[in-house]
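S.K.: I'd like to ask some things about the structure below.
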Amino acid sequence: MINSDDYSTLALQETIRIEHNEVIPFEELIIKNTLPVEKVIADYKIRDSIWKMCCERFATSVKPFENVECLVSQLVNCNCSIGIVTSRRKKDLKQFRNTELGKRFKQVVCFEDCLEHKPSSEPIKYYLNKFLITNTDTLYIGDSYCDMLSAKGANVAFGLALWNPNTQNIEGADFQLNNALDVLKLI
């Protein structure tokens with residue numbers, strides 16, 4: 001829903017620069033956005049306080065993808081239940097949750113809510129159970145192979161968010177969504 005790839009990649013790049021005095025090209029780090037934050041932090045031996053500081057520094061650059069705000073408004077107006085299942089920690093999502101768009105998502109599952117993380121299906125299953133939603137009435141929209149594996153494991157339809165320029169086409173997605181408003185064709 002939001003273009004956090006650039007923000008989190010810039011934050012990771014800056015964190016590595018501060019922690020290890022090393023500059024890794026942006027293009028080499030962008031792929032790390034498909035992994036859970038905890039794994040990336042552990043892999044690079046990053047102190048949580050430095051990661052948090054860098055995330056806060058770049059958080060203002062997070063913007064919704066084109067037409068996402070319109071999509072969310074229309075889904076809410078149609079009384080569709082909308083939520084977020086993310087590998088990000090609650091504190092990393094705090095800034096977004098305080099935006100007008102973020103406040104529309106009442107149902108959220110973050111990293112801390114589950115023992116296993118994407119590509120495991122546990123986060124989506126947890127979401128379905130917690131909010132009493134059936135898998136047959138659910139569409140999980142994501143932009144990574146891990147997202148698709150998680151959805152498939154939970155027996156939930158998967159829509160590939162191709163509106164994210166960093167998304168690569170993935171075979172096996174139930175729906176190819178070129179624009180956020182394509183979701184409306186499915187309801």
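FYI, nothing fancy with the structure tokens labels: chains A, B, ... in order, residues from 1 per chain, ligands from 1 as they appear.
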Excluding A:Arg89 and residues on its chain fewer than 4 positions from it, collect all residues at most 10 Å away from it, counting only C-alpha atoms, and give them as a ChimeraX atom specification.
M.R.: /A:36-38,93-94,109-113
S.K.: Name the residues of stretch 33-135 of chain A that fall into helix (DSSP H, G or I) according to DSSP on the backbone, using the chain letters and numbers of this document, as a ChimeraX atom specification.
M.R.: /A:33-34,37-43,48-61,68-77,90-97,102-104,111-113,122-130,135
S.K.: Would you please work out which residue, of A:Leu71, A:Ile2, A:Leu184, A:Val108, is nearest to A:Lys90 when using only C-alpha atoms?
M.R.: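 Of A:Leu71, A:Ile2, A:Leu184, A:Val108, the one nearest A:Lys90 is A:Val108, counting only C-alpha atoms.
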S.K.: My list of candidates is A:Val23, A:Leu128, A:Val85, A:Met1. Which is closest to A:Val183 when distances are computed with only C-alpha atoms?
M.R.: A:Met1
S.K.: Which residues, written as a count of residues only, have at least one atom at most 12 Å from A:Phe158, with only C-alpha atoms counted and residues fewer than 3 positions away on the same chain left out?
M.R.: 33
